[in-house]
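Here is the file start_1.txt (compact mmCIF, C-alpha atoms).
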# COMPACT_ATOMS: atom_id res chain seq x y z
CA MET A 1 5.45 -88.75 -43.10
CA ARG A 2 3.99 -92.23 -43.19
CA GLY A 3 6.77 -93.56 -40.96
CA ARG A 4 6.14 -90.83 -38.39
CA ARG A 5 2.44 -91.61 -38.25
CA TRP A 6 3.18 -95.28 -37.76
CA SER A 7 5.65 -94.49 -34.99
CA ALA A 8 3.13 -92.20 -33.23
CA ALA A 9 0.46 -94.90 -33.52
CA LEU A 10 2.78 -97.50 -31.98
CA ARG A 11 3.60 -95.20 -29.07
CA ALA A 12 -0.06 -94.48 -28.40
CA LEU A 13 -0.85 -98.18 -28.66
CA SER A 14 1.80 -99.06 -26.08
CA LEU A 15 0.31 -96.59 -23.58
CA VAL A 16 -3.22 -97.85 -24.19
CA ALA A 17 -2.06 -101.46 -23.76
CA ALA A 18 -0.32 -100.63 -20.47
CA LEU A 19 -3.43 -98.89 -19.14
CA GLY A 20 -5.57 -101.81 -20.25
CA VAL A 21 -3.40 -104.32 -18.41
CA TRP A 22 -3.49 -102.10 -15.31
CA GLN A 23 -7.30 -101.90 -15.48
CA LEU A 24 -7.70 -105.66 -15.80
CA LEU A 25 -5.32 -106.48 -12.95
CA THR A 26 -6.95 -104.04 -10.54
CA THR A 27 -10.55 -104.78 -11.55
CA TYR A 28 -10.23 -108.51 -10.92
CA ASP A 29 -7.96 -108.08 -7.84
CA VAL A 30 -5.27 -110.33 -9.26
CA SER A 31 -3.00 -111.69 -6.53
CA LEU A 32 -0.41 -114.13 -7.81
CA TRP A 33 3.12 -113.10 -6.87
CA LEU A 34 2.26 -109.37 -7.01
CA ARG A 35 -0.80 -108.11 -5.19
CA PHE A 36 -3.18 -105.68 -6.85
CA GLU A 37 -6.07 -105.76 -4.36
CA GLN A 38 -5.34 -102.30 -2.93
CA PHE A 39 -4.30 -100.73 -6.21
CA PRO A 40 -6.76 -98.14 -7.57
CA THR A 41 -8.13 -98.79 -11.01
CA VAL A 42 -7.44 -96.57 -14.00
CA THR A 43 -10.93 -95.13 -13.76
CA ASP A 44 -10.41 -94.26 -10.08
CA VAL A 45 -7.18 -92.43 -10.88
CA ALA A 46 -8.76 -90.65 -13.85
CA ARG A 47 -11.65 -89.52 -11.65
CA ALA A 48 -9.25 -88.23 -8.98
CA PHE A 49 -7.17 -86.53 -11.68
CA GLY A 50 -10.23 -84.70 -12.95
CA ASP A 51 -11.09 -83.54 -9.43
CA ARG A 52 -7.54 -82.29 -8.85
CA LEU A 53 -7.50 -80.35 -12.13
CA GLY A 54 -10.42 -78.29 -10.88
CA SER A 55 -8.74 -77.31 -7.61
CA ASP A 56 -6.39 -74.38 -7.00
CA THR A 57 -4.12 -76.48 -4.78
CA TYR A 58 -3.08 -78.71 -7.67
CA TRP A 59 -1.99 -75.78 -9.82
CA GLN A 60 -0.20 -74.18 -6.87
CA ASP A 61 1.78 -77.37 -6.32
CA LEU A 62 2.52 -77.58 -10.05
CA THR A 63 3.77 -73.99 -10.15
CA ASP A 64 5.99 -74.46 -7.09
CA SER A 65 7.63 -77.63 -8.43
CA LEU A 66 8.23 -76.11 -11.87
CA THR A 67 9.72 -72.96 -10.34
CA ARG A 68 12.10 -75.00 -8.23
CA ILE A 69 13.18 -77.28 -11.07
CA VAL A 70 13.68 -74.45 -13.59
CA THR A 71 15.66 -72.29 -11.14
CA GLY A 72 17.88 -75.12 -9.91
CA PHE A 73 18.46 -76.57 -13.37
CA ALA A 74 19.31 -73.18 -14.91
CA LEU A 75 21.89 -72.53 -12.18
CA ALA A 76 23.30 -76.04 -12.63
CA ALA A 77 23.59 -75.59 -16.40
CA VAL A 78 25.52 -72.32 -16.11
CA LEU A 79 27.79 -73.54 -13.32
CA GLY A 80 28.32 -77.00 -14.82
CA ILE A 81 29.31 -75.72 -18.27
CA THR A 82 31.58 -73.03 -16.78
CA VAL A 83 33.34 -75.29 -14.28
CA GLY A 84 33.61 -78.21 -16.70
CA THR A 85 35.19 -76.04 -19.36
CA ALA A 86 37.59 -74.46 -16.86
CA VAL A 87 38.69 -77.82 -15.46
CA ALA A 88 39.24 -79.22 -18.95
CA ARG A 89 41.13 -76.20 -20.29
CA SER A 90 43.16 -75.03 -17.30
CA ARG A 91 45.63 -77.12 -15.34
CA VAL A 92 45.41 -74.71 -12.40
CA ALA A 93 41.61 -75.02 -12.26
CA SER A 94 41.89 -78.79 -12.54
CA ASP A 95 44.35 -78.93 -9.64
CA LEU A 96 42.30 -76.60 -7.44
CA LEU A 97 38.76 -77.78 -8.16
CA GLY A 98 39.25 -81.36 -9.33
CA PRO A 99 39.93 -83.03 -5.96
CA VAL A 100 37.08 -81.19 -4.22
CA LEU A 101 34.59 -82.04 -6.97
CA GLU A 102 35.60 -85.69 -7.09
CA VAL A 103 35.13 -86.03 -3.33
CA ILE A 104 31.67 -84.40 -3.35
CA ARG A 105 30.42 -86.02 -6.57
CA PRO A 106 29.71 -89.52 -5.15
CA VAL A 107 27.53 -88.05 -2.37
CA PRO A 108 23.83 -88.32 -3.38
CA ALA A 109 22.19 -84.93 -3.68
CA ILE A 110 19.27 -86.01 -1.51
CA ALA A 111 21.75 -86.73 1.30
CA LEU A 112 22.46 -82.99 1.39
CA VAL A 113 19.04 -82.22 2.87
CA PRO A 114 20.48 -81.75 6.41
CA VAL A 115 23.20 -79.50 4.96
CA ALA A 116 20.57 -77.44 3.11
CA ILE A 117 18.51 -77.08 6.30
CA LEU A 118 21.56 -75.81 8.18
CA LEU A 119 22.80 -73.49 5.42
CA PHE A 120 19.67 -71.79 4.11
CA PRO A 121 17.05 -69.88 6.09
CA SER A 122 14.07 -71.26 4.13
CA ASN A 123 13.06 -74.64 2.74
CA GLU A 124 12.55 -73.06 -0.70
CA GLN A 125 16.19 -72.11 -1.04
CA GLY A 126 17.30 -75.49 0.29
CA ILE A 127 15.24 -77.38 -2.30
CA VAL A 128 16.67 -75.24 -5.11
CA PHE A 129 20.17 -75.93 -3.77
CA ILE A 130 19.55 -79.70 -3.79
CA THR A 131 18.10 -79.54 -7.31
CA CYS A 132 21.05 -77.51 -8.55
CA THR A 133 23.56 -79.89 -6.97
CA ALA A 134 21.85 -82.91 -8.51
CA ALA A 135 22.05 -81.50 -12.05
CA PHE A 136 25.45 -79.84 -11.68
CA PHE A 137 27.63 -82.95 -11.69
CA PRO A 138 26.19 -84.64 -14.83
CA VAL A 139 26.54 -81.37 -16.73
CA MET A 140 30.04 -80.69 -15.40
CA VAL A 141 31.37 -84.18 -16.12
CA SER A 142 29.88 -84.29 -19.62
CA THR A 143 31.29 -80.86 -20.43
CA ARG A 144 34.73 -81.79 -19.12
CA HIS A 145 34.92 -84.97 -21.20
CA ALA A 146 33.52 -83.26 -24.31
CA VAL A 147 36.05 -80.42 -24.14
CA ARG A 148 38.98 -82.74 -23.54
CA ALA A 149 37.94 -84.91 -26.50
CA LEU A 150 38.25 -82.04 -29.00
CA THR A 151 40.95 -82.43 -31.58
CA PRO A 152 43.75 -79.84 -31.23
CA VAL A 153 43.87 -79.26 -34.98
CA TRP A 154 40.89 -76.89 -34.85
CA GLU A 155 42.47 -74.79 -32.13
CA GLU A 156 45.75 -74.62 -34.03
CA ALA A 157 43.88 -73.46 -37.12
CA VAL A 158 42.30 -70.56 -35.19
CA LEU A 159 45.69 -69.63 -33.73
CA THR A 160 47.22 -69.66 -37.21
CA MET A 161 44.60 -67.18 -38.41
CA GLY A 162 45.36 -64.83 -35.51
CA GLY A 163 42.56 -65.79 -33.13
CA GLY A 164 42.96 -65.39 -29.37
CA ARG A 165 41.79 -67.39 -26.35
CA TRP A 166 38.23 -66.08 -26.36
CA ARG A 167 37.99 -66.64 -30.11
CA ILE A 168 39.00 -70.26 -29.59
CA LEU A 169 36.48 -70.64 -26.78
CA GLY A 170 33.59 -69.22 -28.80
CA SER A 171 34.42 -70.71 -32.19
CA VAL A 172 35.98 -74.08 -31.36
CA VAL A 173 35.55 -75.24 -27.77
CA LEU A 174 31.87 -74.57 -27.06
CA PRO A 175 30.50 -75.51 -30.53
CA GLY A 176 32.64 -78.64 -30.66
CA ALA A 177 31.67 -79.75 -27.16
CA LEU A 178 27.99 -78.85 -27.57
CA PRO A 179 26.73 -82.40 -28.32
CA GLY A 180 28.38 -83.71 -25.16
CA ILE A 181 27.09 -80.77 -23.12
CA LEU A 182 23.54 -81.44 -24.30
CA GLY A 183 23.89 -85.07 -23.27
CA GLY A 184 24.80 -83.92 -19.77
CA LEU A 185 21.83 -81.55 -19.71
CA SER A 186 19.46 -84.37 -20.67
CA VAL A 187 20.76 -86.53 -17.84
CA GLY A 188 20.77 -83.61 -15.42
CA ILE A 189 17.10 -82.71 -15.92
CA GLY A 190 16.05 -86.26 -15.06
CA VAL A 191 18.20 -86.38 -11.94
CA SER A 192 16.87 -82.97 -10.93
CA TRP A 193 13.30 -84.23 -10.95
CA ILE A 194 14.22 -87.20 -8.77
CA CYS A 195 15.87 -84.98 -6.18
CA VAL A 196 13.34 -82.15 -6.18
CA ILE A 197 10.46 -84.58 -5.58
CA SER A 198 12.41 -86.32 -2.82
CA ALA A 199 13.30 -82.99 -1.20
CA GLU A 200 9.67 -81.88 -1.33
CA MET A 201 8.63 -85.10 0.38
CA ILE A 202 11.17 -84.59 3.16
CA SER A 203 11.19 -80.87 3.85
CA GLY A 204 8.80 -79.19 1.43
CA GLU A 205 5.64 -77.27 2.22
CA TYR A 206 4.10 -77.24 -1.24
CA GLY A 207 4.81 -79.02 -4.49
CA VAL A 208 3.89 -82.22 -6.28
CA GLY A 209 6.21 -84.35 -4.15
CA TYR A 210 4.86 -82.89 -0.91
CA ARG A 211 1.25 -83.47 -2.00
CA THR A 212 1.97 -87.04 -3.11
CA TRP A 213 3.46 -87.87 0.27
CA GLN A 214 0.52 -86.26 2.07
CA ASP A 215 -1.89 -88.40 0.04
CA TYR A 216 0.04 -91.48 1.06
CA THR A 217 -0.10 -90.59 4.75
CA VAL A 218 -3.91 -90.26 4.61
CA VAL A 219 -4.22 -93.49 2.55
CA ASP A 220 -5.51 -91.70 -0.56
CA TYR A 221 -4.06 -94.09 -3.13
CA PRO A 222 -5.77 -92.56 -6.18
CA GLY A 223 -4.22 -89.24 -5.14
CA VAL A 224 -0.81 -90.91 -4.88
CA PHE A 225 -1.12 -92.17 -8.45
CA VAL A 226 -2.28 -88.72 -9.59
CA GLY A 227 0.95 -87.32 -8.16
CA MET A 228 3.00 -90.01 -9.86
CA ALA A 229 1.31 -89.34 -13.20
CA THR A 230 1.89 -85.61 -12.78
CA ILE A 231 5.57 -86.16 -12.03
CA GLY A 232 5.92 -88.37 -15.10
CA LEU A 233 4.22 -85.81 -17.36
CA LEU A 234 6.32 -82.94 -16.00
CA GLY A 235 9.53 -84.92 -16.41
CA TRP A 236 8.63 -85.93 -19.95
CA THR A 237 7.75 -82.34 -20.87
CA THR A 238 10.97 -80.82 -19.53
CA SER A 239 13.15 -83.57 -21.03
CA THR A 240 11.48 -83.05 -24.41
CA ALA A 241 12.06 -79.29 -24.12
CA VAL A 242 15.77 -79.85 -23.46
CA GLU A 243 16.00 -82.26 -26.40
CA LEU A 244 14.23 -79.87 -28.77
CA LEU A 245 16.50 -77.03 -27.67
CA GLY A 246 19.51 -79.25 -28.30
CA ARG A 247 18.31 -80.09 -31.79
CA ARG A 248 17.78 -76.42 -32.54
CA LEU A 249 21.29 -75.54 -31.38
CA THR A 250 22.90 -78.42 -33.30
CA ARG A 251 21.09 -78.16 -36.61
CA TRP A 252 24.45 -78.43 -38.36
CA LEU A 253 24.92 -82.00 -37.14
CA PRO A 254 23.79 -84.90 -39.37
CA ARG A 255 20.68 -86.71 -38.16
CA THR A 256 20.69 -90.50 -38.34
CA GLU A 257 17.76 -91.46 -36.11
CA ASN A 258 14.44 -92.53 -37.64
CA ARG A 259 16.03 -92.61 -41.05
CA PRO A 260 15.67 -95.74 -43.19
CA PRO A 261 18.97 -97.27 -44.20
CA SER A 262 20.02 -96.39 -47.70
CA PRO A 263 19.89 -99.31 -50.09
CA VAL A 264 23.21 -100.82 -50.96
CA ARG A 265 23.78 -100.57 -54.67
CA ARG A 266 25.85 -103.23 -56.23
CA ARG A 267 28.16 -101.94 -58.82
CA ASN A 268 29.32 -104.08 -61.67
CA PRO A 269 32.97 -104.84 -61.16
CA VAL A 270 35.31 -103.25 -63.62
CA VAL A 271 37.24 -105.97 -65.30
CA SER A 272 40.32 -105.17 -67.21
CA PRO A 273 40.53 -106.56 -70.74
CA ALA A 274 43.56 -108.58 -69.79
CA ALA A 275 41.54 -110.48 -67.21
CA VAL A 276 38.90 -111.64 -69.69
CA PRO A 277 39.69 -115.16 -70.75
CA VAL A 278 40.02 -115.62 -74.49
CA PRO A 279 38.15 -118.70 -75.74
CA LEU A 280 40.37 -121.23 -77.39
CA SER A 281 39.52 -122.04 -80.95
CA LYS A 282 38.31 -125.59 -81.43
CA GLU A 283 40.41 -127.73 -83.64
CA ARG A 284 38.63 -128.93 -86.69
CA VAL A 285 38.25 -132.65 -86.76
CA HIS A 286 38.55 -134.11 -90.21
CA PRO A 287 36.37 -137.13 -90.94
Spell out the structure here as structure tokens.
Amino acid sequence: MRGRRWSAALRALSLVAALGVWQLLTTYDVSLWLRFEQFPTVTDVARAFGDRLGSDTYWQDLTDSLTRIVTGFALAAVLGITVGTAVARSRVASDLLGPVLEVIRPVPAIALVPVAILLFPSNEQGIVFITCTAAFFPVMVSTRHAVRALTPVWEEAVLTMGGGRWRILGSVVLPGALPGILGGLSVGIGVSWICVISAEMISGEYGVGYRTWQDYTVVDYPGVFVGMATIGLLGWTTSTAVELLGRRLTRWLPRTENRPPSPVRRRNPVVSPAAVPVPLSKERVHP
């Protein structure tokens, strides 16, 4: 408990220190190699943040961005886990889907904006498509590697006890690959936020990214920083939710983080009686 309080205090102190440095640099218009003359101060951003919290537009943008990210990420999670498992377990699926996926995977998801505009009748569906594509590949690749890394002994044990293919999938494959799958989900949620904000800036009508870009076009720099802070808070919240869900699903795994190292106990070596030197008796010296 004491260690957790100290860790929370250090984290809060780091944020306060960063805000303090920002306030000093912008208040005194420091211009050395970096220029802070046009940067808004922390108080300006806090004042703009308070004004935005009292407006309906801010909450509308927040709802739209969260709806897009949750819908796209949920689709990516289902498709990524399914396709990754199929490619890792089936040679036919690997031969059919592997080449297509490897050709599309290096293409940045934000580069698919023209494709989304041509394919879907509304910008809303196109943004969800881009978000889903961005999160799909990290989840799929992590699932594929995690499933292929499983030891075959577990599968052979289920087969010995009379289990079938679905029994192996539910009892061995998915639980064994779950830590790797959760790693892909953690990466995917971060990439999804990058792409959904970029898509909103390019072709969105509402959302945090759209509003941030509009503030930039009208030279409202405090509003730009309000959008950036909102994006950071939303990304941190969703990433934490994914991590907490992963911990709940993998409670059977040992936890090593934030745990002090156990002291090394030195044991007295066991010495056999034959190894103990026998002192030689001193010869008596006669006067």
Do a neighbour search on segment 234-244 of chain A at 12 Å with all atoms listed in the file, toss out local chain neighbours closer than 2 positions, and write the hits as a CSV table (one decimal) with C-alpha atoms, in the frame of the given file.
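Written out: part_7.csv:
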chain,number,residue,atom,x,y,z
A,62,LEU,CA,2.5,-77.6,-10.0
A,63,THR,CA,3.8,-74.0,-10.2
A,65,SER,CA,7.6,-77.6,-8.4
A,66,LEU,CA,8.2,-76.1,-11.9
A,67,THR,CA,9.7,-73.0,-10.3
A,69,ILE,CA,13.2,-77.3,-11.1
A,70,VAL,CA,13.7,-74.4,-13.6
A,73,PHE,CA,18.5,-76.6,-13.4
A,74,ALA,CA,19.3,-73.2,-14.9
A,77,ALA,CA,23.6,-75.6,-16.4
A,179,PRO,CA,26.7,-82.4,-28.3
A,181,ILE,CA,27.1,-80.8,-23.1
A,182,LEU,CA,23.5,-81.4,-24.3
A,183,GLY,CA,23.9,-85.1,-23.3
A,184,GLY,CA,24.8,-83.9,-19.8
A,185,LEU,CA,21.8,-81.6,-19.7
A,186,SER,CA,19.5,-84.4,-20.7
A,187,VAL,CA,20.8,-86.5,-17.8
A,188,GLY,CA,20.8,-83.6,-15.4
A,189,ILE,CA,17.1,-82.7,-15.9
A,190,GLY,CA,16.0,-86.3,-15.1
A,191,VAL,CA,18.2,-86.4,-11.9
A,192,SER,CA,16.9,-83.0,-10.9
A,193,TRP,CA,13.3,-84.2,-11.0
A,194,ILE,CA,14.2,-87.2,-8.8
A,196,VAL,CA,13.3,-82.2,-6.2
A,197,ILE,CA,10.5,-84.6,-5.6
A,208,VAL,CA,3.9,-82.2,-6.3
A,209,GLY,CA,6.2,-84.4,-4.2
A,227,GLY,CA,1.0,-87.3,-8.2
A,228,MET,CA,3.0,-90.0,-9.9
A,229,ALA,CA,1.3,-89.3,-13.2
A,230,THR,CA,1.9,-85.6,-12.8
A,231,ILE,CA,5.6,-86.2,-12.0
A,232,GLY,CA,5.9,-88.4,-15.1
A,246,GLY,CA,19.5,-79.2,-28.3
A,247,ARG,CA,18.3,-80.1,-31.8
A,248,ARG,CA,17.8,-76.4,-32.5
A,249,LEU,CA,21.3,-75.5,-31.4
A,250,THR,CA,22.9,-78.4,-33.3
A,251,ARG,CA,21.1,-78.2,-36.6
Here atom CA of Trp166 of chain A and atom CA of Thr71 of chain A stand apart by 27.9 Å
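Take atom CA of Ala88 of chain A and atom CA of Arg144 of chain A: the distance between them is 5.2 Å.
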At most 12 Å from (16.4, -82.9, 3.6), file frame, all atoms listed in the file: which residues, as number ranges by chain?
-> A: 108-120, 122-131, 195-204
When you draw a straight line from atom CA of Gly50 of chain A to atom CA of Val30 of chain A, how long is it in Å?
-> 26.4 Å
Can you tell me, as a PyMOL selection string, what residues are no more than 10 Å from Thr82 of chain A when counting only C-alpha atoms, ignoring any on the same chain fewer than 6 positions away?
-> chain A and resi 76+139-140+143-144
Pick the closest to Asp215 of chain A from A:Ala86, A:Ala48, A:Leu32, A:Trp22: which is it, counting only C-alpha atoms?
-> A:Ala48
Neighbours of segment 152-157 of chain A within 10 Å (all atoms listed in the file; same-chain residues fewer than 4 positions away dropped), as a PDB file with C-alpha atoms, keeping the file's coordinate frame?
ATOM      1  CA  ARG A 148      38.980 -82.740 -23.540  1.00  0.00           C
ATOM      2  CA  MET A 161      44.600 -67.180 -38.410  1.00  0.00           C
ATOM      3  CA  GLY A 162      45.360 -64.830 -35.510  1.00  0.00           C
ATOM      4  CA  GLY A 163      42.560 -65.790 -33.130  1.00  0.00           C
ATOM      5  CA  GLY A 164      42.960 -65.390 -29.370  1.00  0.00           C
ATOM      6  CA  ARG A 165      41.790 -67.390 -26.350  1.00  0.00           C
ATOM      7  CA  ARG A 167      37.990 -66.640 -30.110  1.00  0.00           C
ATOM      8  CA  ILE A 168      39.000 -70.260 -29.590  1.00  0.00           C
ATOM      9  CA  LEU A 169      36.480 -70.640 -26.780  1.00  0.00           C
ATOM     10  CA  SER A 171      34.420 -70.710 -32.190  1.00  0.00           C
ATOM     11  CA  VAL A 172      35.980 -74.080 -31.360  1.00  0.00           C
ATOM     12  CA  VAL A 173      35.550 -75.240 -27.770  1.00  0.00           C
ATOM     13  CA  GLY A 176      32.640 -78.640 -30.660  1.00  0.00           C
TER      14      GLY A 176
END
For Gly223 of chain A, the closest of A:Ala17, A:Leu34, A:Leu25, A:Leu53 counting all atoms listed in the file is A:Leu53
Some atoms are missing, so please complete segment 114-141 of chain A with N, CA and C atoms and return it as a PDB file, in the frame of the given file.
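What landed in rebuild-v6.pdb:
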ATOM      1  N   PRO A 114      20.086 -82.381   5.138  1.00  0.00           N
ATOM      2  CA  PRO A 114      20.480 -81.750   6.410  1.00  0.00           C
ATOM      3  C   PRO A 114      21.401 -80.555   6.212  1.00  0.00           C
ATOM      4  N   VAL A 115      22.303 -80.627   5.236  1.00  0.00           N
ATOM      5  CA  VAL A 115      23.200 -79.500   4.960  1.00  0.00           C
ATOM      6  C   VAL A 115      22.393 -78.287   4.480  1.00  0.00           C
ATOM      7  N   ALA A 116      21.404 -78.539   3.608  1.00  0.00           N
ATOM      8  CA  ALA A 116      20.570 -77.440   3.110  1.00  0.00           C
ATOM      9  C   ALA A 116      19.759 -76.808   4.228  1.00  0.00           C
ATOM     10  N   ILE A 117      19.271 -77.622   5.172  1.00  0.00           N
ATOM     11  CA  ILE A 117      18.510 -77.080   6.300  1.00  0.00           C
ATOM     12  C   ILE A 117      19.381 -76.200   7.170  1.00  0.00           C
ATOM     13  N   LEU A 118      20.652 -76.597   7.350  1.00  0.00           N
ATOM     14  CA  LEU A 118      21.560 -75.810   8.180  1.00  0.00           C
ATOM     15  C   LEU A 118      22.046 -74.548   7.461  1.00  0.00           C
ATOM     16  N   LEU A 119      22.219 -74.607   6.144  1.00  0.00           N
ATOM     17  CA  LEU A 119      22.800 -73.490   5.420  1.00  0.00           C
ATOM     18  C   LEU A 119      21.794 -72.391   5.102  1.00  0.00           C
ATOM     19  N   PHE A 120      20.603 -72.767   4.664  1.00  0.00           N
ATOM     20  CA  PHE A 120      19.670 -71.790   4.110  1.00  0.00           C
ATOM     21  C   PHE A 120      18.549 -71.495   5.099  1.00  0.00           C
ATOM     22  N   PRO A 121      18.087 -70.255   5.108  1.00  0.00           N
ATOM     23  CA  PRO A 121      17.050 -69.880   6.090  1.00  0.00           C
ATOM     24  C   PRO A 121      15.654 -70.382   5.758  1.00  0.00           C
ATOM     25  N   SER A 122      15.406 -70.802   4.514  1.00  0.00           N
ATOM     26  CA  SER A 122      14.070 -71.260   4.130  1.00  0.00           C
ATOM     27  C   SER A 122      14.179 -72.590   3.388  1.00  0.00           C
ATOM     28  N   ASN A 123      13.100 -73.361   3.455  1.00  0.00           N
ATOM     29  CA  ASN A 123      13.060 -74.640   2.740  1.00  0.00           C
ATOM     30  C   ASN A 123      13.114 -74.443   1.229  1.00  0.00           C
ATOM     31  N   GLU A 124      12.573 -73.320   0.744  1.00  0.00           N
ATOM     32  CA  GLU A 124      12.550 -73.060  -0.700  1.00  0.00           C
ATOM     33  C   GLU A 124      13.967 -72.976  -1.256  1.00  0.00           C
ATOM     34  N   GLN A 125      14.810 -72.240  -0.587  1.00  0.00           N
ATOM     35  CA  GLN A 125      16.190 -72.110  -1.040  1.00  0.00           C
ATOM     36  C   GLN A 125      16.944 -73.433  -0.913  1.00  0.00           C
ATOM     37  N   GLY A 126      16.651 -74.193   0.127  1.00  0.00           N
ATOM     38  CA  GLY A 126      17.300 -75.490   0.290  1.00  0.00           C
ATOM     39  C   GLY A 126      16.938 -76.470  -0.806  1.00  0.00           C
ATOM     40  N   ILE A 127      15.666 -76.477  -1.227  1.00  0.00           N
ATOM     41  CA  ILE A 127      15.240 -77.380  -2.300  1.00  0.00           C
ATOM     42  C   ILE A 127      15.888 -76.979  -3.619  1.00  0.00           C
ATOM     43  N   VAL A 128      15.987 -75.693  -3.893  1.00  0.00           N
ATOM     44  CA  VAL A 128      16.670 -75.240  -5.110  1.00  0.00           C
ATOM     45  C   VAL A 128      18.141 -75.624  -5.074  1.00  0.00           C
ATOM     46  N   PHE A 129      18.761 -75.528  -3.919  1.00  0.00           N
ATOM     47  CA  PHE A 129      20.170 -75.930  -3.770  1.00  0.00           C
ATOM     48  C   PHE A 129      20.342 -77.421  -4.070  1.00  0.00           C
ATOM     49  N   ILE A 130      19.459 -78.256  -3.548  1.00  0.00           N
ATOM     50  CA  ILE A 130      19.550 -79.700  -3.790  1.00  0.00           C
ATOM     51  C   ILE A 130      19.329 -80.002  -5.269  1.00  0.00           C
ATOM     52  N   THR A 131      18.363 -79.336  -5.884  1.00  0.00           N
ATOM     53  CA  THR A 131      18.100 -79.540  -7.310  1.00  0.00           C
ATOM     54  C   THR A 131      19.286 -79.120  -8.159  1.00  0.00           C
ATOM     55  N   CYS A 132      19.888 -77.987  -7.816  1.00  0.00           N
ATOM     56  CA  CYS A 132      21.050 -77.510  -8.550  1.00  0.00           C
ATOM     57  C   CYS A 132      22.229 -78.466  -8.402  1.00  0.00           C
ATOM     58  N   THR A 133      22.449 -78.958  -7.191  1.00  0.00           N
ATOM     59  CA  THR A 133      23.560 -79.890  -6.970  1.00  0.00           C
ATOM     60  C   THR A 133      23.370 -81.189  -7.738  1.00  0.00           C
ATOM     61  N   ALA A 134      22.122 -81.662  -7.798  1.00  0.00           N
ATOM     62  CA  ALA A 134      21.850 -82.910  -8.510  1.00  0.00           C
ATOM     63  C   ALA A 134      22.154 -82.800  -9.990  1.00  0.00           C
ATOM     64  N   ALA A 135      21.821 -81.663 -10.612  1.00  0.00           N
ATOM     65  CA  ALA A 135      22.050 -81.500 -12.050  1.00  0.00           C
ATOM     66  C   ALA A 135      23.445 -81.017 -12.376  1.00  0.00           C
ATOM     67  N   PHE A 136      24.143 -80.438 -11.408  1.00  0.00           N
ATOM     68  CA  PHE A 136      25.450 -79.840 -11.680  1.00  0.00           C
ATOM     69  C   PHE A 136      26.477 -80.877 -12.115  1.00  0.00           C
ATOM     70  N   PHE A 137      26.551 -81.989 -11.411  1.00  0.00           N
ATOM     71  CA  PHE A 137      27.630 -82.950 -11.690  1.00  0.00           C
ATOM     72  C   PHE A 137      27.471 -83.651 -13.039  1.00  0.00           C
ATOM     73  N   PRO A 138      26.277 -84.092 -13.464  1.00  0.00           N
ATOM     74  CA  PRO A 138      26.190 -84.640 -14.830  1.00  0.00           C
ATOM     75  C   PRO A 138      26.594 -83.647 -15.900  1.00  0.00           C
ATOM     76  N   VAL A 139      26.185 -82.381 -15.736  1.00  0.00           N
ATOM     77  CA  VAL A 139      26.540 -81.370 -16.730  1.00  0.00           C
ATOM     78  C   VAL A 139      28.040 -81.097 -16.708  1.00  0.00           C
ATOM     79  N   MET A 140      28.607 -80.989 -15.516  1.00  0.00           N
ATOM     80  CA  MET A 140      30.040 -80.690 -15.400  1.00  0.00           C
ATOM     81  C   MET A 140      30.892 -81.811 -15.977  1.00  0.00           C
ATOM     82  N   VAL A 141      30.574 -83.057 -15.634  1.00  0.00           N
ATOM     83  CA  VAL A 141      31.370 -84.180 -16.120  1.00  0.00           C
ATOM     84  C   VAL A 141      31.258 -84.323 -17.632  1.00  0.00           C
TER      85      VAL A 141
END
